[in-house]
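Below is work39.tsv, holding TSV, C-alpha atoms (C1' of nucleotides).
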chain	number	residue	atom	x	y	z
A	1325	MET	CA	-2.69	0.45	-3.30
A	1326	GLU	CA	-5.14	-1.86	-1.64
A	1327	ILE	CA	-6.20	-2.02	1.96
A	1328	THR	CA	-5.39	-5.31	3.64
A	1329	GLN	CA	-7.81	-8.06	4.55
A	1330	GLU	CA	-7.18	-7.13	8.16
A	1331	THR	CA	-8.37	-3.57	7.57
A	1332	ASP	CA	-11.41	-4.84	5.77
A	1333	TYR	CA	-12.20	-7.04	8.77
A	1334	ALA	CA	-11.70	-4.10	11.11
A	1335	VAL	CA	-14.06	-1.86	9.16
A	1336	ARG	CA	-16.73	-4.53	8.95
A	1337	CYS	CA	-16.31	-5.20	12.66
A	1338	VAL	CA	-16.83	-1.55	13.59
A	1339	LEU	CA	-19.79	-1.43	11.23
A	1340	TYR	CA	-21.21	-4.48	12.97
A	1341	LEU	CA	-20.92	-2.86	16.37
A	1342	SER	CA	-22.46	0.33	14.95
A	1343	GLU	CA	-25.44	-1.50	13.55
A	1344	THR	CA	-26.19	-3.74	16.51
A	1345	GLY	CA	-25.92	-0.70	18.76
A	1346	SER	CA	-26.09	-2.98	21.78
A	1347	ASP	CA	-25.67	-1.53	25.26
A	1348	ARG	CA	-24.21	-4.88	26.38
A	1349	PRO	CA	-20.66	-5.78	25.24
A	1350	VAL	CA	-20.52	-8.25	22.37
A	1351	MET	CA	-18.12	-11.19	22.55
A	1352	ILE	CA	-15.35	-11.73	19.99
A	1353	GLU	CA	-16.91	-15.12	19.39
A	1354	THR	CA	-20.22	-13.59	18.34
A	1355	ILE	CA	-18.75	-10.96	16.05
A	1356	ALA	CA	-16.45	-13.53	14.45
A	1357	ALA	CA	-19.30	-15.89	13.75
A	1358	ASP	CA	-21.65	-13.22	12.43
A	1359	MET	CA	-19.06	-11.54	10.22
A	1360	CYS	CA	-17.17	-14.65	9.09
A	1361	ILE	CA	-13.87	-13.44	10.54
A	1362	PRO	CA	-11.38	-15.93	12.03
A	1363	ARG	CA	-11.83	-15.71	15.79
A	1364	SER	CA	-8.23	-15.32	16.95
A	1365	PHE	CA	-7.39	-12.93	14.17
A	1366	LEU	CA	-10.35	-10.78	15.11
A	1367	ALA	CA	-9.11	-10.78	18.70
A	1368	LYS	CA	-5.90	-9.10	17.53
A	1369	ILE	CA	-7.81	-6.61	15.45
A	1370	LEU	CA	-10.02	-5.68	18.37
A	1371	GLN	CA	-6.93	-5.12	20.48
A	1372	LYS	CA	-5.74	-2.54	17.95
A	1373	LEU	CA	-9.15	-0.91	17.81
A	1374	ALA	CA	-9.20	-0.75	21.60
A	1375	LYS	CA	-5.77	0.89	21.72
A	1376	ALA	CA	-7.04	3.48	19.25
A	1377	LYS	CA	-9.99	4.13	21.57
A	1378	ILE	CA	-12.46	3.12	18.89
A	1379	VAL	CA	-13.87	0.30	20.99
A	1380	ARG	CA	-13.87	-0.44	24.71
A	1381	SER	CA	-13.16	-3.90	26.02
A	1382	PHE	CA	-14.61	-5.64	29.04
A	1383	ARG	CA	-13.04	-8.71	30.56
A	1384	GLY	CA	-14.56	-11.57	32.46
A	1385	ALA	CA	-17.98	-13.12	32.30
A	1386	ARG	CA	-20.40	-11.06	30.18
A	1387	GLY	CA	-17.39	-9.26	28.79
A	1388	GLY	CA	-16.81	-8.30	25.19
A	1389	PHE	CA	-16.58	-5.16	23.11
A	1390	GLN	CA	-18.57	-1.98	22.64
A	1391	LEU	CA	-18.02	1.11	20.55
A	1392	ALA	CA	-16.18	3.75	22.56
A	1393	CYS	CA	-18.25	6.49	20.95
A	1394	LYS	CA	-21.07	7.08	18.51
A	1395	PRO	CA	-20.81	5.80	14.93
A	1396	LYS	CA	-20.98	9.41	13.78
A	1397	ASP	CA	-17.78	10.15	15.67
A	1398	ILE	CA	-15.78	7.31	14.13
A	1399	SER	CA	-14.29	8.08	10.74
A	1400	LEU	CA	-13.09	5.47	8.30
A	1401	LEU	CA	-9.67	7.11	8.51
A	1402	LYS	CA	-9.51	6.45	12.24
A	1403	VAL	CA	-10.18	2.76	11.73
A	1404	VAL	CA	-7.84	2.38	8.78
A	1405	GLU	CA	-5.02	4.11	10.63
A	1406	ALA	CA	-5.66	2.10	13.77
A	1407	ILE	CA	-4.80	-0.98	11.74
A	1408	GLU	CA	-2.35	0.12	9.08
A	1409	GLY	CA	-0.74	3.16	10.65
A	1410	PRO	CA	-0.63	6.52	8.88
A	1411	VAL	CA	-2.05	6.34	5.37
A	1412	ALA	CA	0.42	7.15	2.62
A	1413	MET	CA	0.87	6.27	-0.99
A	1414	ASN	CA	4.62	6.00	-0.78
A	1415	ARG	CA	6.97	5.28	2.07
A	1416	CYS	CA	9.15	8.21	1.06
A	1417	THR	CA	6.42	10.63	2.08
A	1418	VAL	CA	6.38	9.12	5.55
A	1419	GLU	CA	10.06	8.53	6.20
A	1420	PRO	CA	11.98	10.80	3.84
A	1421	LYS	CA	15.27	9.80	5.48
A	1422	ARG	CA	15.24	6.52	3.64
A	1423	CYS	CA	14.76	8.16	0.23
A	1424	GLY	CA	17.86	9.90	-1.03
A	1425	PHE	CA	15.88	11.56	-3.77
A	1426	SER	CA	13.12	13.21	-1.78
A	1427	ARG	CA	14.70	16.62	-2.00
A	1428	THR	CA	14.93	16.73	-5.78
A	1429	CYS	CA	12.26	14.19	-6.72
A	1430	THR	CA	9.42	15.87	-8.56
A	1431	VAL	CA	7.11	12.90	-8.02
A	1432	HIS	CA	7.26	13.30	-4.27
A	1433	PRO	CA	4.76	16.19	-4.09
A	1434	VAL	CA	2.36	14.20	-6.24
A	1435	TRP	CA	2.29	11.31	-3.77
A	1436	LYS	CA	1.93	13.73	-0.91
A	1437	SER	CA	-0.99	15.38	-2.57
A	1438	LEU	CA	-2.69	12.11	-3.42
A	1439	ARG	CA	-2.22	11.07	0.15
A	1440	LYS	CA	-4.13	14.14	1.23
A	1441	VAL	CA	-6.93	13.43	-1.21
A	1442	VAL	CA	-7.33	9.91	0.15
A	1443	SER	CA	-6.98	10.83	3.76
A	1444	ASP	CA	-9.50	13.68	3.44
A	1445	TYR	CA	-11.97	11.32	1.85
A	1446	LEU	CA	-11.55	8.75	4.60
A	1447	ALA	CA	-11.77	11.40	7.30
A	1448	ALA	CA	-15.03	12.71	5.84
A	1449	THR	CA	-16.68	9.30	5.95
A	1450	ASP	CA	-18.11	8.23	9.30
A	1451	PHE	CA	-19.91	5.07	10.33
A	1452	GLU	CA	-23.30	6.68	10.59
A	1453	MET	CA	-22.95	7.36	6.88
A	1454	ILE	CA	-21.84	3.80	6.20
A	1455	MET	CA	-24.61	2.20	8.25
A	1456	LYS	CA	-27.74	1.15	6.54
A	1457	PRO	CA	-30.47	3.70	7.04
A	1458	ARG	CA	-32.82	2.02	9.53
A	1459	LYS	CA	-35.88	4.10	8.94
B	545	MET	CA	-2.67	1.45	0.77
B	546	GLU	CA	0.84	2.08	-0.50
B	547	ILE	CA	2.23	1.71	-3.97
B	548	THR	CA	5.00	-0.86	-4.22
B	549	GLN	CA	8.67	-0.21	-4.64
B	550	GLU	CA	8.33	-1.59	-8.13
B	551	THR	CA	5.75	1.03	-9.04
B	552	ASP	CA	7.92	3.74	-7.58
B	553	TYR	CA	10.80	2.51	-9.77
B	554	ALA	CA	8.52	2.48	-12.81
B	555	VAL	CA	7.35	6.02	-12.26
B	556	ARG	CA	10.87	7.31	-11.71
B	557	CYS	CA	11.98	5.45	-14.80
B	558	VAL	CA	9.32	7.03	-17.01
B	559	LEU	CA	10.14	10.39	-15.48
B	560	TYR	CA	13.79	9.81	-16.37
B	561	LEU	CA	12.96	9.05	-19.96
B	562	SER	CA	10.69	12.09	-20.05
B	563	GLU	CA	13.38	14.40	-18.77
B	564	THR	CA	16.27	13.15	-20.90
B	565	GLY	CA	14.00	13.38	-23.92
B	566	SER	CA	16.64	11.58	-25.95
B	567	ASP	CA	15.90	10.64	-29.55
B	568	ARG	CA	18.29	7.69	-29.17
B	569	PRO	CA	17.16	4.69	-27.10
B	570	VAL	CA	18.61	4.56	-23.60
B	571	MET	CA	20.02	1.28	-22.27
B	572	ILE	CA	18.63	-0.44	-19.16
B	573	GLU	CA	22.15	-0.25	-17.79
B	574	THR	CA	22.20	3.53	-18.02
B	575	ILE	CA	18.79	4.09	-16.50
B	576	ALA	CA	19.56	1.64	-13.70
B	577	ALA	CA	22.82	3.39	-12.85
B	578	ASP	CA	21.36	6.90	-13.01
B	579	MET	CA	18.24	6.10	-11.01
B	580	CYS	CA	19.76	3.62	-8.55
B	581	ILE	CA	17.46	0.80	-9.59
B	582	PRO	CA	18.69	-2.83	-9.61
B	583	ARG	CA	19.47	-3.63	-13.25
B	584	SER	CA	17.64	-6.93	-13.71
B	585	PHE	CA	14.65	-5.77	-11.75
B	586	LEU	CA	14.41	-2.70	-13.95
B	587	ALA	CA	14.53	-4.95	-16.99
B	588	LYS	CA	11.31	-6.63	-15.82
B	589	ILE	CA	9.69	-3.30	-15.15
B	590	LEU	CA	10.55	-2.03	-18.60
B	591	GLN	CA	9.02	-5.15	-20.08
B	592	LYS	CA	5.74	-4.31	-18.37
B	593	LEU	CA	5.95	-0.69	-19.51
B	594	ALA	CA	6.61	-1.87	-23.06
B	595	LYS	CA	3.60	-4.18	-23.01
B	596	ALA	CA	1.49	-1.25	-21.87
B	597	LYS	CA	2.83	0.77	-24.83
B	598	ILE	CA	4.32	3.35	-22.53
B	599	VAL	CA	7.84	2.73	-23.82
B	600	ARG	CA	9.23	1.18	-26.99
B	601	SER	CA	12.11	-1.23	-26.88
B	602	PHE	CA	14.92	-1.68	-29.41
B	603	ARG	CA	17.10	-4.75	-29.46
B	604	GLY	CA	20.64	-5.23	-30.57
B	605	ALA	CA	23.56	-2.87	-30.62
B	606	ARG	CA	22.53	0.71	-29.86
B	607	GLY	CA	19.30	-0.70	-28.50
B	608	GLY	CA	17.46	0.42	-25.40
B	609	PHE	CA	14.24	2.16	-24.50
B	610	GLN	CA	12.37	5.28	-25.54
B	611	LEU	CA	9.05	6.75	-24.53
B	612	ALA	CA	6.34	5.55	-26.89
B	613	CYS	CA	4.65	8.94	-26.78
B	614	LYS	CA	4.99	12.39	-25.29
B	615	PRO	CA	5.21	12.88	-21.53
B	616	LYS	CA	1.99	14.84	-21.73
B	617	ASP	CA	0.21	11.76	-23.05
B	618	ILE	CA	1.35	9.46	-20.28
B	619	SER	CA	-0.70	9.63	-17.10
B	620	LEU	CA	0.45	8.41	-13.74
B	621	LEU	CA	-2.54	6.08	-13.77
B	622	LYS	CA	-1.30	4.40	-16.94
B	623	VAL	CA	2.08	3.69	-15.37
B	624	VAL	CA	0.68	2.53	-12.04
B	625	GLU	CA	-1.78	0.19	-13.74
B	626	ALA	CA	0.89	-1.13	-16.09
B	627	ILE	CA	2.71	-2.39	-13.01
B	628	GLU	CA	0.04	-3.17	-10.43
B	629	GLY	CA	-3.01	-3.86	-12.56
B	630	PRO	CA	-6.30	-2.02	-12.05
B	631	VAL	CA	-6.18	0.29	-9.06
B	632	ALA	CA	-8.63	-0.54	-6.31
B	633	MET	CA	-8.84	-0.05	-2.59
B	634	ASN	CA	-10.38	-3.42	-1.93
B	635	ARG	CA	-10.30	-6.68	-3.82
B	636	CYS	CA	-14.03	-7.04	-3.42
B	637	THR	CA	-14.60	-4.10	-5.74
B	638	VAL	CA	-12.57	-5.84	-8.44
B	639	GLU	CA	-13.71	-9.43	-8.08
B	640	PRO	CA	-17.03	-9.40	-6.28
B	641	LYS	CA	-17.42	-13.14	-6.75
B	642	ARG	CA	-14.99	-13.78	-3.93
B	643	CYS	CA	-16.86	-11.55	-1.49
B	644	GLY	CA	-20.08	-13.08	-0.27
B	645	PHE	CA	-21.14	-9.78	1.27
B	646	SER	CA	-20.81	-7.46	-1.69
B	647	ARG	CA	-24.52	-7.37	-2.32
B	648	THR	CA	-25.50	-6.24	1.16
B	649	CYS	CA	-22.25	-4.67	2.32
B	650	THR	CA	-22.70	-0.96	2.86
B	651	VAL	CA	-18.95	-0.35	2.89
B	652	HIS	CA	-18.60	-1.58	-0.65
B	653	PRO	CA	-19.82	1.64	-2.30
B	654	VAL	CA	-17.42	3.63	-0.17
B	655	TRP	CA	-14.41	1.69	-1.46
B	656	LYS	CA	-15.71	1.99	-4.98
B	657	SER	CA	-16.08	5.70	-4.63
B	658	LEU	CA	-12.64	6.14	-3.08
B	659	ARG	CA	-11.23	4.11	-5.90
B	660	LYS	CA	-12.71	6.59	-8.34
B	661	VAL	CA	-11.28	9.52	-6.45
B	662	VAL	CA	-7.79	8.01	-6.57
B	663	SER	CA	-8.01	6.86	-10.12
B	664	ASP	CA	-9.28	10.24	-11.32
B	665	TYR	CA	-6.43	11.95	-9.58
B	666	LEU	CA	-3.85	9.65	-11.13
B	667	ALA	CA	-5.45	9.97	-14.55
B	668	ALA	CA	-5.32	13.75	-14.33
B	669	THR	CA	-1.61	13.77	-13.61
B	670	ASP	CA	0.70	13.43	-16.62
B	671	PHE	CA	4.47	13.38	-16.87
B	672	GLU	CA	4.77	16.82	-18.35
B	673	MET	CA	3.26	18.03	-15.10
B	674	ILE	CA	5.62	15.91	-13.06
B	675	MET	CA	8.73	16.93	-14.95
B	676	LYS	CA	10.76	19.78	-13.65
B	677	PRO	CA	9.89	22.95	-15.47
B	678	ARG	CA	12.91	23.58	-17.72
B	679	LYS	CA	12.28	27.24	-18.22
C	952	DA	C1'	27.61	-13.46	-43.21
C	953	DT	C1'	29.46	-12.74	-38.81
C	954	DT	C1'	29.73	-10.82	-34.52
C	955	DA	C1'	29.05	-8.06	-30.64
C	956	DT	C1'	25.30	-6.02	-28.43
C	957	DA	C1'	21.10	-5.47	-25.88
C	958	DC	C1'	16.46	-6.80	-24.85
C	959	DA	C1'	12.79	-11.00	-23.94
C	960	DG	C1'	11.26	-14.09	-21.02
C	961	DG	C1'	11.30	-18.10	-18.02
C	962	DA	C1'	12.98	-20.17	-13.77
C	963	DC	C1'	14.28	-19.44	-9.51
C	964	DC	C1'	15.33	-17.53	-4.89
C	965	DA	C1'	15.33	-14.52	-0.59
C	966	DA	C1'	13.20	-11.32	2.29
C	967	DT	C1'	9.26	-9.47	4.09
C	968	DA	C1'	4.40	-8.91	4.98
C	969	DT	C1'	0.11	-10.90	5.66
C	970	DT	C1'	-2.99	-13.92	7.76
C	971	DA	C1'	-3.61	-16.48	10.83
C	972	DT	C1'	-3.32	-19.99	15.42
C	973	DC	C1'	-2.37	-21.29	20.24
C	974	DC	C1'	-1.46	-20.78	24.94
C	975	DC	C1'	-1.10	-18.84	29.37
C	976	DG	C1'	-1.96	-15.05	32.37
C	977	DA	C1'	-4.96	-11.32	34.20
C	978	DA	C1'	-9.24	-9.27	35.11
C	979	DT	C1'	-13.93	-9.72	36.54
C	980	DA	C1'	-18.99	-10.88	36.99
C	981	DA	C1'	-21.68	-14.14	39.18
D	1263	DT	C1'	-14.21	-19.05	44.39
D	1264	DT	C1'	-14.95	-20.11	39.86
D	1265	DA	C1'	-16.24	-19.85	35.18
D	1266	DT	C1'	-15.61	-16.67	31.76
D	1267	DT	C1'	-13.58	-13.47	28.58
D	1268	DC	C1'	-10.06	-10.50	26.99
D	1269	DG	C1'	-4.61	-9.31	26.74
D	1270	DG	C1'	-0.55	-10.28	24.75
D	1271	DG	C1'	3.45	-13.02	23.43
D	1272	DA	C1'	5.25	-16.71	20.53
D	1273	DT	C1'	4.90	-19.11	16.54
D	1274	DA	C1'	3.58	-20.84	11.93
D	1275	DA	C1'	1.64	-20.99	7.09
D	1276	DT	C1'	1.12	-18.57	3.02
D	1277	DA	C1'	1.43	-14.84	-0.25
D	1278	DT	C1'	3.65	-11.01	-2.07
D	1279	DT	C1'	7.50	-8.38	-3.15
D	1280	DG	C1'	11.95	-7.57	-4.63
D	1281	DG	C1'	15.60	-9.29	-7.01
D	1282	DT	C1'	18.97	-12.57	-9.74
D	1283	DC	C1'	20.48	-15.45	-13.50
D	1284	DC	C1'	20.59	-17.75	-17.69
D	1285	DT	C1'	19.43	-18.82	-22.37
D	1286	DG	C1'	17.46	-17.29	-26.50
D	1287	DT	C1'	16.35	-13.85	-30.07
D	1288	DA	C1'	16.57	-9.70	-32.65
D	1289	DT	C1'	19.54	-6.39	-34.78
D	1290	DA	C1'	23.16	-2.80	-35.96
D	1291	DA	C1'	27.62	-2.55	-37.47
D	1292	DT	C1'	31.55	-4.38	-39.77

Written as structure tokens, that's how I'd like the structure from this file.
Amino acid sequence: MEITQETDYAVRCVLYLSETGSDRPVMIETIAADMCIPRSFLAKILQKLAKAKIVRSFRGARGGFQLACKPKDISLLKVVEAIEGPVAMNRCTVEPKRCGFSRTCTVHPVWKSLRKVVSDYLAATDFEMIMKPRK
Amino acid sequence: MEITQETDYAVRCVLYLSETGSDRPVMIETIAADMCIPRSFLAKILQKLAKAKIVRSFRGARGGFQLACKPKDISLLKVVEAIEGPVAMNRCTVEPKRCGFSRTCTVHPVWKSLRKVVSDYLAATDFEMIMKPRK
DNA sequence: ATTATACAGGACCAATATTATCCCGAATAA
DNA sequence: TTATTCGGGATAATATTGGTCCTGTATAAT
């Protein structure tokens, strides 16, 4: 039922990039230090975020990471799914093949519906909303 | 983000007891066979359900398990928490001591709020609702 | 009372997932 | 050309999950 530590790192990392709003790429090293995330683990996380087009990476000297779009256009769902894959409460709602009961199981629709509740909530929350108001 | 296999077993087990509606206790053996749940694993699960007062156990010959109350009075939340402990999306919302950021972290309230959404949904779903309508 | 039955609970184990770390190669700015 | 920074594969430590087994205890039936 819980998100993983990795997902928590990912969310805080995107939030960090949202808040700094730098036009220069930020190095893994810097983010790791500022957010207390193990450097090499964060590197892996940023790879996933880059594949999901949430951040852009730049190699070489002065390289690093930037948001690929505005905080407002990044939902929590996008980040969570970039790390954990499709959100679901129960495997059987994702791969029904492996659940012999799915056809007759009356719990199945409940998990599906809860999944929608969660996923809608996450989709409706973007990083502009999560950011501290700067005023 | 997913419930565990164990929780899935627990829910299906309570559903089974709801649907059979037997006034005689049902043996672990029987439930295990009917629901395709490993016998000794199910035994552990039923222990947890008994501690949570969701089922009653009877020892000795003709022993077994019965629901401790009506399906209508058992929420999905009760069963899930009997197995997994308090539902939460993020550890930091349960034990804030271990999260140095919780005071300033702007994601924190989001997880808390999502937790409420999920927990409300689970609390609103009881086993009479989950049971097949008998007509 | 005795006995067969069925759960209680502790110890233990295997498989899998999570949380990392390290290294070498590829891109790239200076 | 070189120092820098990410990309990605391999690997390892730890935690969690899923599951078994065995002994003890309660209890219904005889």

Check your understanding: Once you count all atoms listed in the file, which residues of chain B turn out to be within 8 Å of chain A? Could you give them as JSON, numbers by chain?
Key -> {"B": [545, 546, 547, 548, 552, 556, 631, 632, 633, 634, 635, 650, 651, 654, 658, 661, 662, 665, 674, 675, 676]}

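Residue list for chain B within 10 Å of chain C: Met571, Ile572, Glu573, Ala587, Lys588, Leu590, Gln591, Ser601, Phe602, Arg603, Gly604, Ala605, Arg606, Gly607, Gly608 and Phe609 of chain B, counting all atoms listed in the file.
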
How close does chain D get to chain A? List, as a tab-separated table, each residue of chain D within 7 Å, its nearest atom pair and the distance in Å to one decimal, counting all atoms listed in the file.
residue	atom	partner	partner_atom	distance
D:DT1266	C1'	A:Ala1385	CA	4.3
D:DT1267	C1'	A:Gly1384	CA	4.4
D:DC1268	C1'	A:Arg1383	CA	5.0

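Taking atom C1' of D:DG1281 and atom CA of B:Thr574 as endpoints, the distance between them is 18.1 Å.
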
Practice item. Would you work out the distance separating atom CA of A:Ala1448 from atom CA of A:Tyr1333, expressed in Å to one decimal? Key: 20.2 Å

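If you look at atom CA of A:Lys1372 and atom CA of A:Ala1334, they are 9.2 Å away from each other.
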
Grab all the atoms of stretch 954-968 of chain C that the file lists, wrap them in a box along x, y and z, add 8 Å per side, and give me centre plus edge lengths in Å (one decimal) as lines of an AutoDock Vina configuration file.
center_x = 17.1
center_y = -12.8
center_z = -14.8
size_x = 41.3
size_y = 30.7
size_z = 55.5

Model the absent atoms of stretch 1335-1345 of chain A so that all heavy atoms are present, and write the result as a PDB file, keeping the file's coordinate frame.
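Okay, result12.pdb is ready:
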ATOM      1  N   VAL A1335     -12.980  -2.761   9.558  1.00  0.00           N
ATOM      2  CA  VAL A1335     -14.060  -1.860   9.160  1.00  0.00           C
ATOM      3  C   VAL A1335     -15.405  -2.570   9.310  1.00  0.00           C
ATOM      4  O   VAL A1335     -16.354  -2.013   9.877  1.00  0.00           O
ATOM      5  CB  VAL A1335     -13.868  -1.394   7.698  1.00  0.00           C
ATOM      6  CG1 VAL A1335     -15.103  -0.661   7.199  1.00  0.00           C
ATOM      7  CG2 VAL A1335     -12.630  -0.514   7.570  1.00  0.00           C
ATOM      8  N   ARG A1336     -15.469  -3.806   8.860  1.00  0.00           N
ATOM      9  CA  ARG A1336     -16.730  -4.530   8.950  1.00  0.00           C
ATOM     10  C   ARG A1336     -17.103  -4.805  10.404  1.00  0.00           C
ATOM     11  O   ARG A1336     -18.284  -4.847  10.771  1.00  0.00           O
ATOM     12  CB  ARG A1336     -16.651  -5.839   8.162  1.00  0.00           C
ATOM     13  CG  ARG A1336     -16.440  -5.613   6.658  1.00  0.00           C
ATOM     14  CD  ARG A1336     -17.182  -6.611   5.777  1.00  0.00           C
ATOM     15  NE  ARG A1336     -17.252  -7.943   6.324  1.00  0.00           N
ATOM     16  CZ  ARG A1336     -16.343  -8.905   6.107  1.00  0.00           C
ATOM     17  NH1 ARG A1336     -15.318  -8.697   5.316  1.00  0.00           N
ATOM     18  NH2 ARG A1336     -16.485 -10.084   6.663  1.00  0.00           N
ATOM     19  N   CYS A1337     -16.077  -4.959  11.233  1.00  0.00           N
ATOM     20  CA  CYS A1337     -16.310  -5.200  12.660  1.00  0.00           C
ATOM     21  C   CYS A1337     -16.879  -3.954  13.324  1.00  0.00           C
ATOM     22  O   CYS A1337     -17.844  -4.037  14.102  1.00  0.00           O
ATOM     23  CB  CYS A1337     -14.993  -5.616  13.294  1.00  0.00           C
ATOM     24  SG  CYS A1337     -15.024  -5.674  15.083  1.00  0.00           S
ATOM     25  N   VAL A1338     -16.319  -2.796  13.019  1.00  0.00           N
ATOM     26  CA  VAL A1338     -16.830  -1.550  13.590  1.00  0.00           C
ATOM     27  C   VAL A1338     -18.247  -1.292  13.070  1.00  0.00           C
ATOM     28  O   VAL A1338     -19.128  -0.861  13.822  1.00  0.00           O
ATOM     29  CB  VAL A1338     -15.909  -0.357  13.245  1.00  0.00           C
ATOM     30  CG1 VAL A1338     -16.547   0.967  13.652  1.00  0.00           C
ATOM     31  CG2 VAL A1338     -14.553  -0.511  13.924  1.00  0.00           C
ATOM     32  N   LEU A1339     -18.446  -1.590  11.805  1.00  0.00           N
ATOM     33  CA  LEU A1339     -19.790  -1.430  11.230  1.00  0.00           C
ATOM     34  C   LEU A1339     -20.789  -2.323  11.961  1.00  0.00           C
ATOM     35  O   LEU A1339     -21.900  -1.900  12.283  1.00  0.00           O
ATOM     36  CB  LEU A1339     -19.755  -1.781   9.736  1.00  0.00           C
ATOM     37  CG  LEU A1339     -21.086  -1.704   9.002  1.00  0.00           C
ATOM     38  CD1 LEU A1339     -21.677  -0.299   9.075  1.00  0.00           C
ATOM     39  CD2 LEU A1339     -20.934  -2.139   7.548  1.00  0.00           C
ATOM     40  N   TYR A1340     -20.356  -3.541  12.249  1.00  0.00           N
ATOM     41  CA  TYR A1340     -21.210  -4.480  12.970  1.00  0.00           C
ATOM     42  C   TYR A1340     -21.617  -3.919  14.329  1.00  0.00           C
ATOM     43  O   TYR A1340     -22.797  -3.917  14.686  1.00  0.00           O
ATOM     44  CB  TYR A1340     -20.466  -5.804  13.145  1.00  0.00           C
ATOM     45  CG  TYR A1340     -21.209  -6.845  13.935  1.00  0.00           C
ATOM     46  CD1 TYR A1340     -22.100  -7.713  13.311  1.00  0.00           C
ATOM     47  CD2 TYR A1340     -21.013  -6.976  15.306  1.00  0.00           C
ATOM     48  CE1 TYR A1340     -22.781  -8.685  14.037  1.00  0.00           C
ATOM     49  CE2 TYR A1340     -21.686  -7.947  16.041  1.00  0.00           C
ATOM     50  CZ  TYR A1340     -22.571  -8.797  15.403  1.00  0.00           C
ATOM     51  OH  TYR A1340     -23.237  -9.755  16.115  1.00  0.00           O
ATOM     52  N   LEU A1341     -20.629  -3.419  15.054  1.00  0.00           N
ATOM     53  CA  LEU A1341     -20.920  -2.860  16.370  1.00  0.00           C
ATOM     54  C   LEU A1341     -21.792  -1.610  16.257  1.00  0.00           C
ATOM     55  O   LEU A1341     -22.632  -1.339  17.126  1.00  0.00           O
ATOM     56  CB  LEU A1341     -19.619  -2.528  17.119  1.00  0.00           C
ATOM     57  CG  LEU A1341     -18.795  -3.744  17.552  1.00  0.00           C
ATOM     58  CD1 LEU A1341     -17.466  -3.321  18.139  1.00  0.00           C
ATOM     59  CD2 LEU A1341     -19.574  -4.590  18.561  1.00  0.00           C
ATOM     60  N   SER A1342     -21.617  -0.849  15.179  1.00  0.00           N
ATOM     61  CA  SER A1342     -22.460   0.330  14.950  1.00  0.00           C
ATOM     62  C   SER A1342     -23.906  -0.086  14.744  1.00  0.00           C
ATOM     63  O   SER A1342     -24.829   0.507  15.303  1.00  0.00           O
ATOM     64  CB  SER A1342     -21.989   1.100  13.716  1.00  0.00           C
ATOM     65  OG  SER A1342     -20.675   1.566  13.888  1.00  0.00           O
ATOM     66  N   GLU A1343     -24.078  -1.119  13.939  1.00  0.00           N
ATOM     67  CA  GLU A1343     -25.440  -1.500  13.550  1.00  0.00           C
ATOM     68  C   GLU A1343     -26.204  -2.215  14.666  1.00  0.00           C
ATOM     69  O   GLU A1343     -27.401  -2.017  14.816  1.00  0.00           O
ATOM     70  CB  GLU A1343     -25.405  -2.355  12.283  1.00  0.00           C
ATOM     71  CG  GLU A1343     -25.118  -1.502  11.051  1.00  0.00           C
ATOM     72  CD  GLU A1343     -25.122  -2.300   9.759  1.00  0.00           C
ATOM     73  OE1 GLU A1343     -24.890  -3.521   9.822  1.00  0.00           O
ATOM     74  OE2 GLU A1343     -25.358  -1.683   8.705  1.00  0.00           O
ATOM     75  N   THR A1344     -25.493  -3.066  15.425  1.00  0.00           N
ATOM     76  CA  THR A1344     -26.190  -3.740  16.510  1.00  0.00           C
ATOM     77  C   THR A1344     -26.540  -2.732  17.604  1.00  0.00           C
ATOM     78  O   THR A1344     -27.572  -2.848  18.267  1.00  0.00           O
ATOM     79  CB  THR A1344     -25.346  -4.870  17.127  1.00  0.00           C
ATOM     80  OG1 THR A1344     -24.145  -4.311  17.654  1.00  0.00           O
ATOM     81  CG2 THR A1344     -24.995  -5.920  16.092  1.00  0.00           C
ATOM     82  N   GLY A1345     -25.654  -1.762  17.796  1.00  0.00           N
ATOM     83  CA  GLY A1345     -25.920  -0.700  18.760  1.00  0.00           C
ATOM     84  C   GLY A1345     -26.319  -1.225  20.129  1.00  0.00           C
ATOM     85  O   GLY A1345     -27.108  -0.619  20.835  1.00  0.00           O
TER      86      GLY A1345
END
